[in-house]
Structure formats: C-alpha cells, structure tokens
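Some notes on the structure that comes next.
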Amino acid sequence: MNRRTYIKSILAVGVLGTASYSLFKWLDINQPIDVKSLQGYEPLIAELAEVIIPRTDTPGAKDAFVHQFIIKVILNCNHARQQQIFMRGLEDLEQYTNDQYQQSFLKCSQAQKESVVQYFSDHAAYSTELLNKVQKRLWGQSFFTKFRNLTVEGYCLSEPGATQGLAYDYIPGNFMACVPLQANQKSWATK
Amino acid sequence: MYIAEENKNMDTYDAIVIGSGISGGWAAMELCKKGLKTLLLERGRDVKHLVDYPTANLNPWDFELGYNNTVAELAKDPVHGQIYNPGNKHFYVSDTEHPYIQEKPFNWYRGYQVGGRSLIWGRQCYRLSDLDFEANLKDGVAVDWPIRYRDIAPWYSYVEQHIGVSGNREQLSQLPDGSFLPPMELNCIERHLRDEMKKNEAYAMLTIARVANLSRGWDSRGPCQNRNLCDRGCPFGGYFSSNSSTIPAAMATGNLTLRPFSIVTELLYDEQSQKAKGVRVVDKLTHEVFDFHAKIVFVNASTIATAGILLNSKSSRFPNGFGNDSEQVGHNLMDHHSSAGAAGYHEDFRDQYYKGRRPCGFLIPRFRNLGADEKLGFKRGYNIQGHGERQEWSDRMNNISGFGKDFKAQLTTPGPWTVWMAGWGECLPYYDNKITLDEQLKDSWGQPLIKVDFSFEENEHKMMDDIKSQSAEILERAGFKGVNSFNYKKPGGSTVHEMGTVRMGRDPKTSVLNGHNQIHAVKNVFITDGSCMTSSASQNPSLTYMALTARACDYAVAELKKGNL
C-alpha cells in the first residue's frame with residue numbers, strides 16, 4: 001500500500017469508524033487470521049447462521065452444516081483483510097451481546113439472539129449509497145452482509161438446502177417452458 | 001493412392017492439422033473422411049469424450065467451497081480465475097504456466113486440451129449474410145471479403161446437419177435460416193417480450209437462440225437433458241464439441257493420428273517447392289523437438305496463436321513471418337463487445353414457472369443499420385442476447401433484507417420475473433489492434449511471449465451507447481419495471497470471439513489468405529480458424545469457422561488430387 005492510499009484509508013476509518021461498533025486496528029488488518037481462532041468461533045457461526053436460516057418445516061443452516069462451509073470459504077477464498085473483517089465482526093458481535101445481556105451469544109435466549117442479529121442487520125449498511133460504496137471499496141462487504149450471503153450460499157448449495165429447502169432437479173430431461181406454479185412451490189436450487 | 005513408404009514413416013502424413021478445437025476438429029474429420037492420413041497436433045492434454053469430464057455428474061454440494069475460487073487460484077490465474085469455477089476449471093489454462101503480455105487490458109481466455117474451447121463454447125450458431133460479407137466494401141473499411149453468402153451457404157447447411165442446431169426459421173435477410181432441429185422454447189416472460197415487441201417495434205424482433213444443443217437425438221448423441229452444465233463436458237453428448245463429434249468421427253476412419261502435448265513452434269518452408277513442407281513441434285512434457293511433414297497443412301490454433309505461429313516462422317523467403325508479404329499478419333484483431341445492455345423485472349405472470357434448465361436464451365437479431373440510410377453515428381450493428389427467468393436465491397439474496405423465517409420463505413420461493421439482455425456488437429478491423437511477439441521474453445518451451453495490443457474505438461463505444469438505450473426502451477415499452485441499463489466496460493477478449501489476425505482478401509498485397517483460405521503465396525497452407533475473418537459481423541462466429549473449414553477441406557483435397565498442391 002502506498003502512502004497516499006494509507007492516508008486516505010486512515011481518513012476513511014475516521015468517517016466509517018463511527019458507524020462500526022469498534023475501531024479497526026488498522027496495522028493488523030493485512031495479517032492473515034489465526035486458523036484456530038476462527039475455528040474456535042464455529043459454535044457461534046453455527047448459531048448465527050441458524051438465526052438467519054432457521055429450521056422450519058425444512059432443514060435449517062445447522063442441519064446443512066453451513067458453519068463448516070463458511071469457515072472453509074473464509075479461510076480459502078478470502079484475502080487476509082477480508083478474513084480480519086470477518087473475525088472482527090464476530091468479536092464485535094460477541095462484545096455487543098455481552099454489553100447488552102451480560103452473557104455470550106450462545107447462552108442467549110432466541111429472542112435475545114434475534115435482537116442482536118437485528119441490530120447488526122440494521123447497521124450492515126449506511127443510509128447513503130455513497131458511504132456504502134466507499135465502505136465496499138475499502139473493506140469489501142460489511143461483516144453482516146458477508147455473513148448472511150455466505151449463509152445463503154452454504155445453505156442453498158448444500159444437499160439438505162438444495163433438495164429440501166429448495167427444489168432440486170438433478171437431470172431435468174425435458175424443458176417445460178411455462179408451467180403453472182404449484183402449491184408451496186419452492187424455487188429451483190440451480191439454474 | 002498414397003505412397004506406402006510415407007505411411008510407414010511416422011514423420012510424414014498427407015495432412016497436418018494444428019489445433020483440435022472447433023475448427024481443427026472439423027479439418028481433421030473432413031480430411032480423414034476424404035482418405036488423407038492426417039496428423040492432428042494439440043498442444044494440451046487429451047480429453048476423451050465422457051471419460052475426461054470429472055465434474056459432469058457432480059451436485060452443487062460436491063464442491064467443498066461452492067463455486068468460489070480460492071485466493072491462491074486467483075493469484076496464480078488473475079485472468080482465467082475470473083472466468084473459471086471449480087466445475088470447469090480443468091478446461092482452462094493457468095496464467096502462470098501460459099503467460100502473455102497485455103499492452104492494454106485484454107483477456108485471452110484459452111483451453112489447451114484436445115477439443116480446445118469447443119468444450120466450453122457458448123454453442124450459439126448464427127449464419128453471416130451478405131449484409132456482413134459486403135460491409136467492408138460498402139463502408140470502405142479494411143478490405144473486401146473474397147467470398148459472398150452464396151459461396152458459404154451450402155457449407156453452413158453441411159455443418160448444421162452434422163453438428164445439430166436447434167432453432168426457429170424466421171425468414172430474415174440479415175440472419176439467414178439454417179437446417180434446424182426443433183427449436184428450444186421461450187418461457188412465459190420471453191413470450192411476453194416477443195409478443196410486445198411485435199406490437200411495439202418497427203424492426204426488432206425476438207426469437208429463441210439457435211444453439212448446438214440437441215433438441216432431439218442426433219448423430220448418436222443427445223438429446224440435451226436441460227441440465228445447463230455444458231461447460232463441464234456433457235455425459236449425454238447433448239451439445240457439439242470436437243470431443244463428442246468430429247474427433248471420434250475422424251478416429252473411426254482409421255486415418256487419424258492424434259498427438260497431444262505437441263506445441264507447434266513454426267511452419268517449415270521449402271524454398272525449392274515454394275510450399276510448406278511441414279511443422280516443427282516441441283513436446284510439452286519432454287521438451288524434445290520433432291519435425292513432421294505433410295502435403296498440406298491446416299492451421300487452426302485459434303486467432304492469436306495462429307498469428308503467433310506465422311510470425312515465429314521466419315525464412316529467407318519470409319523474413320517477417322510465414323506468408324506475411326502483406327505485413328497484415330497479427331493485425332486487425334477483433335473481438336465482439338458484449339458489455340452494454342439492460343435488465344428489468346415484470347410484475348405479471350406470478351402464477352407461472354418453468355421446469356428444467358434450458359441451456360440458452362433468446363436472440364433479438366440485428367435491427368440497426370439494416371438500410372444504408374440510417375444516421376446512427378456508428379457503422380454496422382449488434383444482436384441482443386438475453387434470457388428471462390424468475391429470480392432464484394442467488395439473485396434474491398441481494399434483493400431481500402432481514403433474516404429468519406420470513407427471510408427464508410422469501411429466499412426459497414420464486415421471485416419476480418426478470419429479463420437481462422445485452423448487445424453482442426460488431427467490432428471493426430483496425431490495423432493498430434494487433435498481436436506481436438516479444439523479442440526477449442519466452443515461455444517454458446523457449447517460445448516468444450505474445451503481446452496483445454487491443455482497444456475498442458469510437459465506433460464500438462457509440463454502438464454500446466445505442467445498445468444501452470435501445471435495450472432499455474424495448475423493455476420499458478414491454479411493460480418492464482425497474483429497468484436499468486448498463487455498460488460493464490469489459491476489456492477486449494472478454495467475449496472470447498477473437499478474430500482477424502490473418503485475414504482473407506482478394507489482393508495478396510493487403511491480405512494473407514485468399515477466398516479458399518489458402519495463404520496467397522504458399523498454396524498448401526490453409527487457415528480456417530477465427531484469424532481468417534475479414535470483418536467480425538455481430539454473429540457468434542464459430543459456425544462460420546466450421547463452414548469455412550469444411551469448404552476449404554473440400555477444395556484442398558480436390559486441388560491435391562489435381563496435383564496442384
């Protein structure tokens with residue numbers, strides 16, 4: 001990173017920091033995360049994913065082992081900076097939960113969990129498109145947006161998600177161009 | 001009828017074909033069927049139909065990381081990592097292993113294997129018309145095509161009847177009908193758009209894409225099972241590729257020798273006979289160098305690589321590259337642009353859906369500059385390709401907020417109908433858009449790196465603006481909401497329709513190939529891949545390469561029999 005980008009980033013942190021729960025420790029942001037410490041968050045990741053896609057009459061995120069998918073993708077398909085943002089997001093969430101309920105997320109009631117996730121969902125984006133663009137360029141997706149998208153991806157690509165949560169048609173054979181929507185029709189898992 | 005000693009000698013064949021992709025496969029099949037002992041050289045590994053499609057039957061959950069590429073893969077393959085995914089990665093080259101130099105941003109997407117990019121092509125099959133073949137002459141651009149539609153029309157039919165093209169006949173002069181299998185079907189929203197366009201549009205109309213996907217069994221292949229996983233190789237042979245069709249057909253004649261891992265470095269010129277005597281090959285694995293000899297050579301290495309081979313083949317007769325008297329070799333590089341278009345959603349038809357994954361979309365054939373009198377500010381035209389669908393989870397996740405039961409319910413049910421469409425636009429041939437060989441840098445096999453210097457110019461940019469506004473207006477007039485026009489501004493090469501670096505023409509002073517795809521000055525060398533294209537038209541070009549190849553093979557064998565080669 002050259003000096004100019006660095007200074008711009010510092011200024012941006014000042015602007016963005018107010019909307020983020022904790023300030024980024026800038027100097028560490030490009031260090032890869034410790035694999036074990038991410039894996040240590042596996043129960044929290046599983047619980048969060050289940051709040052986003054709960055088990056209903058079809059399997060939920062935990063049934064689909066979405067937490068394992070998320071950890072693998074974060075470790076293999078994300079740059080150090082994206083990994084750091086993800087880790088800090090998890091830390092922020094635990095900190096916020098502790099401040100609110102004096103206990104960890106895992107110990108919270110369903111209502112408390114939903115209230116925490118609601119808070120992060122509400123603060124995932126800025127109210128103005130410009131700030132969102134600045135944020136996206138600097139940091140990538142916000143923690144919550146990223147977490148939710150990974151949960152969706154992990155769920156919809158999983159066997160329980162694709163075959164029970166959605167409608168999976170392995171070898172369609174025919175193409176039927178216009179068919180009436182069936183009762184309780186799920187959308188196709190693949191396109 | 002061929003000399004027995006030659007057939008015994010593994011170095012000598014009747015014909016050599018360089019490259020086993022969509023046009024090379026055709027050359028090999030045609031020459032073999034006509035009785036020529038043919039050596040097919042392929043720089044990559046062998047890919048056998050059915051056997052070497054490792055991901056073809058996998059489910060989404062069989063991919064550990066979903067369809068995400070790893071950070072390590074993206075670092076190794078900054079260009080190809082943008083286009084491959086874990087399902088088809090094995091059909092693309094690695095940038096690190098096969099570097100090239102971008103003078104300006106240019107995506108050179110390659111598949112070095114038997115079958116080349118015919119495994120991963122878009123399968124769209126559109127004929128050119130005289131609107132295209134006469135365009136350069138009428139506009140005073142570049143040079144005139146040495147052929148007209150009547151010269152190639154029977155060969156289009158010949159190819160279509162072999163590969164199997166599904167499509168609808170529409171009686172359009174700018175997009176001639178072909179020999180079609182039954183068409184794929186338009187879905188509800190696409191029918192709506194078609195019907196609205198009939199009412200609203202003076203020239204633009206919509207038809208189902210014409211694709212080399214089999215709507216019924218054909219040539220012992222298919223039919224297409226509507227999985228839409230073509231780019232992994234099809235276990236049903238539901239679409240045409242060299243691997244599923246032309247190479248097995250060539251093999252069945254007993255006349256084909258297929259040699260993978262054979263990197264052709266140059267064509268060998270014989271001063272005495274003033275012909276090519278063969279080719280030089282470096283073995284990809286052992287780095288050994290071999291010469292192979294033949295009476296005729298077909299160069300089908302793909303547009304950029306073919307020009308690279310010619311430029312690398314220097315002799316006292318051709319100090320600037322094989323057959324390069326005109327100094328045109330490597331120049332006039334073209335690629336269609338496909339960045340501009342529009343998308344929108346429609347509020348109706350909520351009770352309608354579809355079943356199956358049709359492996360194609362729709363086509364709005366060229367409707368601009370059909371007459372000479374239009375004042376659009378740009379030459380030539382574009383066709384619009386697109387598809388309609390109901391939003392599924394991968395689109396919906398970006399359009400619905402919240403979490404929990406309601407979120408899940410929305411995520412897993414079909415969203416509104418949407419249409420996305422973009423213009424595939426003609427690119428004019430500019431002398432300055434070119435490939436050259438680097439004088440210092442070499443690849444792992446000691447071959448000079450290819451430099452690509454390409455940019456779209458004012459004509460293409462103006463056309464993109466027109467595509468944006470026309471696409472948006474068509475959708476708005478058809479009742480679509482939230483219409484958003486876009487220009488992705490993708491660099492050259494992104495449409496993977498490279499063309500023009502060894503163009504055909506009437507005059508040896510200004511072109512490399514004649515009307516039979518022969519090098520003007522070396523009549524036993526034929527070039528029938530995308531490099532031969534004199535203009536790009538706006539149609540997806542593979543069908544034209546195949547037709548030109550079949551035509552050139554017919555001519556080559558006739559000339560050979562007459563003793564002219």
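In the structure tokens, chains take the letters A, B, ... in the order shown, each chain's residues start at 1, and ligands count up from 1 in the order shown.
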
Inset, instruction - Mind checking which residues fall within 9 Å of B:Ser244, counting only C-alpha atoms, ignoring those fewer than 5 positions away in the same chain, and posting them as number ranges by chain? - result: B: 48-50, 115, 119, 221, 233-234, 237-239, 249

Could you save those same residues with N, CA and C atoms as a JSON list (two decimals), in the first residue's frame?
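And here is the file that came out, selection.json:
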```json
[["chain", "number", "residue", "atom", "x", "y", "z"],
["B", 48, "LYS", "N", -10.85, -37.16, -23.41],
["B", 48, "LYS", "CA", -11.72, -38.11, -24.12],
["B", 48, "LYS", "C", -13.17, -37.85, -23.74],
["B", 49, "HIS", "N", -14.02, -37.90, -24.75],
["B", 49, "HIS", "CA", -15.45, -37.69, -24.53],
["B", 49, "HIS", "C", -15.94, -38.63, -23.43],
["B", 50, "LEU", "N", -16.74, -38.13, -22.53],
["B", 50, "LEU", "CA", -17.33, -38.84, -21.39],
["B", 50, "LEU", "C", -16.31, -39.19, -20.31],
["B", 115, "GLY", "N", -9.84, -30.80, -28.09],
["B", 115, "GLY", "CA", -11.18, -30.21, -28.08],
["B", 115, "GLY", "C", -11.15, -28.71, -27.84],
["B", 119, "LEU", "N", -15.18, -27.38, -25.90],
["B", 119, "LEU", "CA", -15.80, -27.95, -24.71],
["B", 119, "LEU", "C", -16.58, -26.90, -23.93],
["B", 221, "ARG", "N", -25.93, -38.89, -30.59],
["B", 221, "ARG", "CA", -25.71, -38.07, -29.38],
["B", 221, "ARG", "C", -27.05, -37.53, -28.88],
["B", 233, "GLY", "N", -18.47, -30.46, -19.87],
["B", 233, "GLY", "CA", -18.50, -31.61, -20.77],
["B", 233, "GLY", "C", -19.80, -32.34, -20.53],
["B", 234, "CYS", "N", -20.45, -32.82, -21.59],
["B", 234, "CYS", "CA", -21.79, -33.38, -21.40],
["B", 234, "CYS", "C", -21.78, -34.91, -21.43],
["B", 237, "GLY", "N", -23.65, -36.15, -24.39],
["B", 237, "GLY", "CA", -23.29, -35.65, -25.71],
["B", 237, "GLY", "C", -24.35, -34.70, -26.24],
["B", 238, "GLY", "N", -24.94, -33.94, -25.33],
["B", 238, "GLY", "CA", -26.08, -33.09, -25.69],
["B", 238, "GLY", "C", -25.73, -31.85, -26.47],
["B", 239, "TYR", "N", -24.46, -31.53, -26.54],
["B", 239, "TYR", "CA", -24.04, -30.38, -27.36],
["B", 239, "TYR", "C", -22.82, -30.78, -28.18],
["B", 249, "ALA", "N", -15.27, -39.13, -35.02],
["B", 249, "ALA", "CA", -15.58, -39.45, -36.42],
["B", 249, "ALA", "C", -14.30, -39.57, -37.23]]
```

Inset, instruction - Can you pull out every residue within 10 Å of stretch 261-277 of chain B, counting only C-alpha atoms, but drop anything in the same chain fewer than 6 positions away, and send it as number ranges by chain? - result: B: 12, 18-19, 40-46, 112-114, 283-297, 299, 301, 305-306, 308-318, 321-323, 445-448, 521-525, 565

Okay, now the selection with C-alpha atoms, as a compact mmCIF listing (two decimals), in the first residue's frame?
```
# COMPACT_ATOMS: atom_id res chain seq x y z
CA THR B 12 5.21 -37.95 -42.73
CA ILE B 18 -2.62 -27.71 -35.97
CA GLY B 19 -5.13 -27.45 -33.14
CA LEU B 40 -3.79 -33.75 -35.58
CA LEU B 41 -1.47 -31.81 -33.29
CA GLU B 42 -2.76 -30.47 -29.98
CA ARG B 43 -0.61 -28.53 -27.55
CA GLY B 44 -2.55 -29.64 -24.46
CA ARG B 45 -3.53 -32.92 -22.89
CA ASP B 46 -6.03 -35.40 -24.28
CA TYR B 112 -5.28 -26.01 -24.07
CA GLN B 113 -6.56 -29.55 -24.45
CA VAL B 114 -7.93 -31.87 -27.09
CA ASP B 283 6.88 -31.80 -26.91
CA LYS B 284 5.19 -30.17 -23.95
CA LEU B 285 6.36 -32.80 -21.48
CA THR B 286 9.84 -33.77 -22.68
CA HIS B 287 10.77 -30.52 -24.48
CA GLU B 288 12.07 -32.64 -27.36
CA VAL B 289 11.83 -31.12 -30.82
CA PHE B 290 10.30 -33.00 -33.76
CA ASP B 291 9.62 -32.15 -37.39
CA PHE B 292 6.54 -33.57 -39.11
CA HIS B 293 6.00 -33.41 -42.84
CA ALA B 294 2.87 -33.34 -44.96
CA LYS B 295 1.49 -32.30 -48.33
CA ILE B 296 -0.93 -29.83 -46.82
CA VAL B 297 -1.15 -28.04 -43.51
CA VAL B 299 -3.56 -24.06 -39.15
CA ALA B 301 -4.51 -22.93 -33.45
CA ALA B 305 -1.91 -18.39 -31.50
CA THR B 306 -2.16 -18.93 -35.26
CA GLY B 308 1.92 -16.16 -33.35
CA ILE B 309 3.00 -19.33 -35.18
CA LEU B 310 3.18 -17.49 -38.52
CA LEU B 311 5.18 -14.62 -37.04
CA ASN B 312 7.55 -17.12 -35.45
CA SER B 313 8.13 -18.95 -38.74
CA LYS B 314 10.91 -16.99 -40.38
CA SER B 315 12.81 -17.92 -43.52
CA SER B 316 14.78 -16.06 -46.13
CA ARG B 317 11.63 -16.02 -48.28
CA PHE B 318 9.52 -14.78 -45.36
CA GLY B 321 6.76 -14.31 -40.76
CA PHE B 322 5.27 -17.09 -42.83
CA GLY B 323 3.11 -15.87 -45.69
CA TRP B 445 9.27 -24.03 -24.04
CA GLY B 446 11.53 -21.29 -25.30
CA GLN B 447 8.84 -19.66 -27.40
CA PRO B 448 8.46 -15.87 -27.53
CA ALA B 521 1.99 -17.18 -51.53
CA VAL B 522 2.00 -20.72 -50.07
CA LYS B 523 -0.88 -22.61 -51.52
CA ASN B 524 -0.60 -25.78 -49.43
CA VAL B 525 -1.24 -23.94 -46.16
CA LEU B 565 -0.62 -28.66 -54.21
```

Inset, instruction - Rank B:Tyr13, B:Tyr545, B:Tyr488, B:Tyr67 by their smallest atom-to-atom distance to chain A, using only C-alpha atoms, and report the top residue only. - result: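 Checking each candidate against chain A, we get B:Tyr67 as the closest.
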
Legend entry - Best match for closeness to A:Thr190 among A:Cys178, A:Ile45, A:Ala111, A:Ala162, counting only C-alpha atoms: A:Ala162

Can I get the residues of chain A within 9 Å of chain B, each with the closest pair of atoms and their distance in Å to one decimal, using only C-alpha atoms, sorted chain first then ascending number, as a Markdown table?
```
| residue | atom | partner | partner_atom | distance |
| --- | --- | --- | --- | --- |
| A:Glu50 | CA | B:Gly404 | CA | 8.1 |
| A:Val51 | CA | B:Gly404 | CA | 5.7 |
| A:Ile52 | CA | B:Phe403 | CA | 4.6 |
| A:Ile53 | CA | B:Gly404 | CA | 5.4 |
| A:Pro54 | CA | B:Gly404 | CA | 6.0 |
| A:Arg55 | CA | B:Lys405 | CA | 8.3 |
| A:Thr56 | CA | B:Lys405 | CA | 7.4 |
| A:Phe69 | CA | B:Leu65 | CA | 6.7 |
| A:Ile70 | CA | B:Leu65 | CA | 8.6 |
| A:Lys72 | CA | B:Leu65 | CA | 6.7 |
| A:Val73 | CA | B:Leu65 | CA | 5.8 |
| A:Leu75 | CA | B:Thr70 | CA | 9.0 |
| A:Asn76 | CA | B:Thr70 | CA | 5.3 |
| A:Cys77 | CA | B:Thr70 | CA | 4.2 |
| A:Asn78 | CA | B:Val71 | CA | 6.1 |
| A:His79 | CA | B:Val71 | CA | 6.5 |
| A:Glu114 | CA | B:Gly404 | CA | 8.3 |
| A:Val117 | CA | B:Phe403 | CA | 8.2 |
| A:Gln118 | CA | B:Gly402 | CA | 7.6 |
| A:Ser121 | CA | B:Gly402 | CA | 6.6 |
| A:Asp122 | CA | B:Gly402 | CA | 8.4 |
| A:Arg148 | CA | B:Phe403 | CA | 8.2 |
| A:Asn149 | CA | B:Met397 | CA | 6.8 |
| A:Val152 | CA | B:Met397 | CA | 7.2 |
| A:Glu153 | CA | B:Gly66 | CA | 7.6 |
| A:Gly154 | CA | B:Gly66 | CA | 7.3 |
| A:Cys156 | CA | B:Trp393 | CA | 7.6 |
| A:Leu157 | CA | B:Pro60 | CA | 5.3 |
| A:Ser158 | CA | B:Trp61 | CA | 4.8 |
| A:Glu159 | CA | B:Trp61 | CA | 5.8 |
| A:Ala162 | CA | B:Pro60 | CA | 8.3 |
| A:Gly165 | CA | B:Thr412 | CA | 6.6 |
| A:Leu166 | CA | B:Thr412 | CA | 5.7 |
| A:Ala167 | CA | B:Thr412 | CA | 8.6 |
| A:Asp169 | CA | B:Gly356 | CA | 7.3 |
| A:Tyr170 | CA | B:Arg227 | CA | 7.4 |
| A:Ile171 | CA | B:Arg227 | CA | 5.9 |
| A:Pro172 | CA | B:Gly356 | CA | 5.0 |
| A:Gly173 | CA | B:Gln225 | CA | 4.1 |
| A:Asn174 | CA | B:Gly356 | CA | 6.3 |
| A:Phe175 | CA | B:Gly356 | CA | 4.5 |
| A:Met176 | CA | B:Lys355 | CA | 4.9 |
| A:Ala177 | CA | B:Asn187 | CA | 4.4 |
| A:Cys178 | CA | B:Tyr354 | CA | 5.0 |
| A:Val179 | CA | B:Tyr353 | CA | 5.2 |
| A:Pro180 | CA | B:Gln352 | CA | 4.6 |
| A:Leu181 | CA | B:Gln352 | CA | 5.0 |
| A:Gln182 | CA | B:Asp351 | CA | 8.3 |
| A:Asn184 | CA | B:Thr413 | CA | 8.3 |
| A:Gln185 | CA | B:Thr413 | CA | 6.7 |
| A:Lys186 | CA | B:Thr413 | CA | 4.7 |
| A:Ser187 | CA | B:Thr413 | CA | 4.6 |
| A:Trp188 | CA | B:Glu392 | CA | 6.9 |
| A:Ala189 | CA | B:Trp393 | CA | 7.6 |
| A:Thr190 | CA | B:Arg357 | CA | 8.2 |
| A:Lys191 | CA | B:Arg357 | CA | 5.9 |
```

Legend entry - One-decimal distance in Å that lies between atom CA of B:Asp231 and atom CA of B:Arg127: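 Those two atoms sit 23.0 Å apart.
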
Quick one: residues within 12 Å of A:Gln82, only C-alpha atoms counted, chain neighbours fewer than 3 positions away excluded, as a PDB file with C-alpha atoms, in the first residue's frame?
```pdb
ATOM      1  CA  ASP A  28      -3.093  -5.637  11.742  1.00  0.00           C
ATOM      2  CA  ILE A  29      -5.654  -5.589   9.004  1.00  0.00           C
ATOM      3  CA  ASN A  30      -3.489  -7.228   6.363  1.00  0.00           C
ATOM      4  CA  GLN A  31      -2.279 -10.084   8.545  1.00  0.00           C
ATOM      5  CA  PRO A  32      -3.856 -13.469   7.854  1.00  0.00           C
ATOM      6  CA  ILE A  33      -6.031 -14.644  10.705  1.00  0.00           C
ATOM      7  CA  VAL A  73     -14.651 -20.307   2.409  1.00  0.00           C
ATOM      8  CA  ILE A  74     -13.324 -17.633   4.764  1.00  0.00           C
ATOM      9  CA  LEU A  75     -10.033 -19.480   5.136  1.00  0.00           C
ATOM     10  CA  ASN A  76      -9.525 -20.388   1.468  1.00  0.00           C
ATOM     11  CA  CYS A  77     -11.351 -17.845  -0.635  1.00  0.00           C
ATOM     12  CA  ASN A  78     -10.818 -14.584   1.244  1.00  0.00           C
ATOM     13  CA  HIS A  79      -7.844 -12.281   1.474  1.00  0.00           C
ATOM     14  CA  ILE A  85     -13.025  -8.018   8.914  1.00  0.00           C
ATOM     15  CA  PHE A  86     -14.919 -11.239   9.362  1.00  0.00           C
ATOM     16  CA  MET A  87     -13.121 -12.098  12.614  1.00  0.00           C
ATOM     17  CA  ARG A  88     -13.572  -8.609  13.998  1.00  0.00           C
ATOM     18  CA  GLY A  89     -17.216  -8.773  13.090  1.00  0.00           C
ATOM     19  CA  LYS A 136     -17.312  -1.612  -0.111  1.00  0.00           C
ATOM     20  CA  ARG A 137     -14.280  -0.353  -1.954  1.00  0.00           C
ATOM     21  CA  LEU A 138     -12.192  -0.099   1.205  1.00  0.00           C
ATOM     22  CA  TRP A 139     -13.308  -3.092   3.165  1.00  0.00           C
ATOM     23  CA  GLY A 140     -15.381  -5.259   0.899  1.00  0.00           C
ATOM     24  CA  GLN A 141     -18.793  -6.281   2.107  1.00  0.00           C
ATOM     25  CA  SER A 142     -19.708  -5.433   5.667  1.00  0.00           C
ATOM     26  CA  PHE A 143     -19.472  -8.244   8.166  1.00  0.00           C
ATOM     27  CA  LYS A 146     -20.940 -11.119   4.059  1.00  0.00           C
ATOM     28  CA  PHE A 147     -22.088 -13.454   6.813  1.00  0.00           C
TER      29      PHE A 147
ATOM     30  CA  VAL B  71      -7.257 -16.826  -3.139  1.00  0.00           C
TER      31      VAL B  71
END
```

Inset, instruction - Can you work out the spacing between atom CA of B:Arg117 and atom CA of B:Gly222 in Å, to one decimal? - result: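 Separation between atom CA of B:Arg117 and atom CA of B:Gly222: 19.7 Å.
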
Inset, instruction - Just the residues within 6 Å of stretch 527-544 of chain B, please, counting only C-alpha atoms, with nothing from its chain fewer than 5 positions along; format it as a ChimeraX atom specification. - result: /B:23,125-126,132,145,298-300,302-303,382,425-426,499-504,517,549

Legend entry - Backbone DSSP call of alpha helix (DSSP H) for stretch 36-205 of chain B, listed as a PyMOL selection string: chain B and resi 71-76+130-133+135-139+149-163+188-200

Legend entry - Minimum-distance residue to A:Tyr41, chosen among A:Thr97, A:Leu106, A:Gly60, A:Phe65 (using only C-alpha atoms):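 Of all the options, A:Leu106 lies closest to A:Tyr41.
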
Legend entry - All strand (DSSP E or B) residues (DSSP, backbone) inside stretch 239-464 of chain B, as a ChimeraX atom specification: /B:239,256-259,262-270,275-283,289-299,334,337,340-346,352-355,362-364,382-390,417-425,434-442,448-453

Could you write out the selected residues, including C-alpha atoms, as a CSV table (one decimal), in the first residue's frame?
```
chain,number,residue,atom,x,y,z
B,239,TYR,CA,-24.0,-30.4,-27.4
B,256,LEU,CA,-6.2,-40.0,-37.8
B,257,THR,CA,-3.2,-39.8,-35.7
B,258,LEU,CA,-3.8,-37.6,-32.7
B,259,ARG,CA,-0.8,-36.2,-30.9
B,262,SER,CA,2.6,-31.1,-29.2
B,263,ILE,CA,3.3,-27.4,-29.3
B,264,VAL,CA,3.8,-26.2,-32.8
B,265,THR,CA,6.5,-23.6,-32.9
B,266,GLU,CA,6.8,-22.9,-36.6
B,267,LEU,CA,5.8,-23.9,-40.1
B,268,LEU,CA,8.7,-25.1,-42.2
B,269,TYR,CA,9.1,-23.5,-45.7
B,270,ASP,CA,10.7,-25.3,-48.6
B,275,LYS,CA,5.5,-24.8,-50.2
B,276,ALA,CA,5.3,-25.7,-46.6
B,277,LYS,CA,7.0,-29.0,-46.0
B,278,GLY,CA,5.7,-29.4,-42.5
B,279,VAL,CA,5.8,-28.2,-39.0
B,280,ARG,CA,8.2,-28.1,-36.0
B,281,VAL,CA,6.9,-29.3,-32.7
B,282,VAL,CA,8.2,-29.1,-29.2
B,283,ASP,CA,6.9,-31.8,-26.9
B,289,VAL,CA,11.8,-31.1,-30.8
B,290,PHE,CA,10.3,-33.0,-33.8
B,291,ASP,CA,9.6,-32.2,-37.4
B,292,PHE,CA,6.5,-33.6,-39.1
B,293,HIS,CA,6.0,-33.4,-42.8
B,294,ALA,CA,2.9,-33.3,-45.0
B,295,LYS,CA,1.5,-32.3,-48.3
B,296,ILE,CA,-0.9,-29.8,-46.8
B,297,VAL,CA,-1.1,-28.0,-43.5
B,298,PHE,CA,-4.3,-26.6,-41.8
B,299,VAL,CA,-3.6,-24.1,-39.2
B,334,MET,CA,-11.2,-8.0,-33.4
B,337,HIS,CA,-18.1,-6.3,-27.3
B,340,ALA,CA,-23.9,-3.0,-22.8
B,341,GLY,CA,-27.5,-3.9,-22.2
B,342,ALA,CA,-30.4,-3.5,-19.9
B,343,ALA,CA,-32.4,-5.5,-17.3
B,344,GLY,CA,-35.7,-5.2,-15.7
B,345,TYR,CA,-38.5,-7.1,-13.9
B,346,HIS,CA,-42.1,-7.7,-14.7
B,352,GLN,CA,-46.3,-19.2,-13.9
B,353,TYR,CA,-42.9,-21.0,-13.7
B,354,TYR,CA,-40.8,-23.5,-15.7
B,355,LYS,CA,-39.2,-26.8,-15.2
B,362,PHE,CA,-33.2,-15.6,-26.7
B,363,LEU,CA,-31.9,-13.6,-29.6
B,364,ILE,CA,-33.0,-10.2,-30.9
B,382,TYR,CA,-25.4,-5.8,-33.0
B,383,ASN,CA,-27.7,-8.5,-31.9
B,384,ILE,CA,-29.1,-8.7,-28.5
B,385,GLN,CA,-28.9,-11.9,-26.5
B,386,GLY,CA,-30.6,-12.4,-23.2
B,387,HIS,CA,-32.8,-14.6,-21.1
B,388,GLY,CA,-35.9,-14.4,-18.9
B,389,GLU,CA,-36.3,-16.1,-15.6
B,390,ARG,CA,-37.8,-15.9,-12.2
B,417,TRP,CA,-39.8,-12.5,-13.5
B,418,THR,CA,-36.8,-10.7,-14.8
B,419,VAL,CA,-35.1,-10.2,-18.2
B,420,TRP,CA,-31.4,-9.5,-18.7
B,421,MET,CA,-30.1,-8.7,-22.1
B,422,ALA,CA,-27.0,-7.3,-23.7
B,423,GLY,CA,-25.8,-6.4,-27.2
B,424,TRP,CA,-23.2,-8.5,-28.9
B,425,GLY,CA,-21.7,-5.9,-31.2
B,434,LYS,CA,-2.6,-6.4,-33.1
B,435,ILE,CA,-0.6,-9.1,-31.7
B,436,THR,CA,3.2,-9.3,-31.9
B,437,LEU,CA,6.0,-11.4,-30.5
B,438,ASP,CA,8.1,-10.2,-27.6
B,439,GLU,CA,11.8,-10.1,-28.6
B,440,GLN,CA,13.1,-11.0,-25.2
B,441,LEU,CA,10.6,-12.8,-23.0
B,442,LYS,CA,10.0,-16.5,-23.6
B,448,PRO,CA,8.5,-15.9,-27.5
B,449,LEU,CA,5.6,-14.5,-25.5
B,450,ILE,CA,2.7,-13.0,-27.4
B,451,LYS,CA,1.9,-9.3,-26.9
B,452,VAL,CA,-1.7,-8.2,-27.4
B,453,ASP,CA,-2.4,-4.6,-28.1
```

Legend entry - Interatomic distance, atom CA of B:Asn320 to atom CA of B:Pro146 (Å, one decimal): 24.2 Å
